[in-house]
Amino acid sequence: MLFTPLQTERLTLRHHAPSDIPALMPLIGAREVAATTLRIPHPYTEADAQDFMVGTQEELLNGSGLRLGIVVRESGTLCGGVGLRIEPDHRRAELGYWIGVPYWGKGYATEAAGAMLKYGFDTLQLHRIFASHFADNLASARVLRKIGMRHEGRQRGHILKWGEFVDIEMYGTVASDVDLVLNMA
């Protein structure tokens, strides 16, 4: 999959590089970040970061995913990540994102997630994009609503996270909603 970095008003969304690891480790390694995500381990080790870099390349090459670093344009600082886990046979993808704790509350997740939604529909020609969040993660719920995704329901006790079953909230949108969604950005 050929990809040119995406530019938003304040952010650049670009491929991760091994040189990101020193900045990535304290951001993604924060317990607060891992607590809000399914796939980020805690503690997060350098081996996890190396595996992540390899995985992003494999997904890109086989067309099953696009995981990008979120960089604040003004400072050139990595502040998080955003991506799509693509299921080409169904022309759908799962949207995911995380933001480092020092950058919470600045609207970066909404800006990055909205750009990925637009990219998924406009460039990848996806039919459906969906996302989920832990039921107690109200900030993520706000992000998904702001980018125009619809709440589709709750899956009770769906995920085992740190020894506890947690509910997840499901959101989604389809290409026929794209004008509504993209005009909100």
# chains A, B, ... in the order shown; residues from 1 in each chain; ligands from 1

$ select_by_dssp --residues "range 4-182 of chain A" --states "alpha helix (DSSP H)" --output "PyMOL selection string"
chain A and resi 21-28+31-34+46-62+108-122+138-146+178-182

$ residues_around --residues "range 48-60 of chain A" --least-positions-apart "3" --cutoff "7 Å" --atoms "only C-alpha atoms" --output "list of chain:residue names"
A:Met1, A:His16, A:Pro18, A:Ile21, A:Tyr44, A:Thr45, A:Gly63, A:Ser64, A:Gly65, A:Leu66, A:Arg67

$ write_last_selection --atoms "C-alpha atoms" --output "PDB file, in the first residue's frame"
ATOM      1  CA  MET A   1       0.000   0.000   0.000  1.00  0.00           C
ATOM      2  CA  HIS A  16       6.338   4.990  12.328  1.00  0.00           C
ATOM      3  CA  PRO A  18      12.591   2.886  14.409  1.00  0.00           C
ATOM      4  CA  ILE A  21      11.142   4.330  19.685  1.00  0.00           C
ATOM      5  CA  TYR A  44       5.580  -1.717  27.492  1.00  0.00           C
ATOM      6  CA  THR A  45       9.115  -2.848  26.695  1.00  0.00           C
ATOM      7  CA  GLY A  63      -2.744  -4.585   3.023  1.00  0.00           C
ATOM      8  CA  SER A  64      -4.235  -5.542   6.383  1.00  0.00           C
ATOM      9  CA  GLY A  65      -3.448  -2.345   8.224  1.00  0.00           C
ATOM     10  CA  LEU A  66      -2.148   1.158   8.311  1.00  0.00           C
ATOM     11  CA  ARG A  67      -0.775   2.327  11.669  1.00  0.00           C
TER      12      ARG A  67
END

$ residues_around --residues "range 118-134 of chain A" --least-positions-apart "4" --cutoff "9 Å" --atoms "only C-alpha atoms" --output "PyMOL selection string"
chain A and resi 6+36-38+84+86+88+90-96+113-114+138+140-141+144+149+159+166-176+178+181-182

$ closest_residue --among "A:Glu152, A:Glu111, A:Glu164, A:Glu46" --to "Gly29 in chain A" --atoms "only C-alpha atoms"
A:Glu46

$ atom_distance --atom1 "CA of Glu9 in chain A" --atom2 "CA of Glu87 in chain A"
29.0 Å

$ select_by_dssp --residues "chain A" --states "strand (DSSP E or B)" --output "VMD selection string"
chain A and resid 6 to 7 11 to 15 65 to 72 77 to 87 92 to 99 128 to 134 150 to 161 164 to 174

$ closest_residue --among "A:Ala35, A:Ala17, A:Ala23, A:Pro43" --to "Asn137 in chain A" --atoms "only C-alpha atoms"
A:Ala35

$ closest_residue --among "A:Gly69, A:Ser19, A:Arg39, A:Val33" --to "Gln7 in chain A" --atoms "only C-alpha atoms"
A:Gly69

$ residues_around --residues "Pro5 in chain A" --least-positions-apart "3" --cutoff "12 Å" --atoms "only C-alpha atoms" --output "MDAnalysis selection string"
chainID A and resid 2 8 11:16 66:71 73 112 115:116 119

$ atom_distance --atom1 "CA of Gly107 in chain A" --atom2 "CA of Arg142 in chain A"
10.3 Å
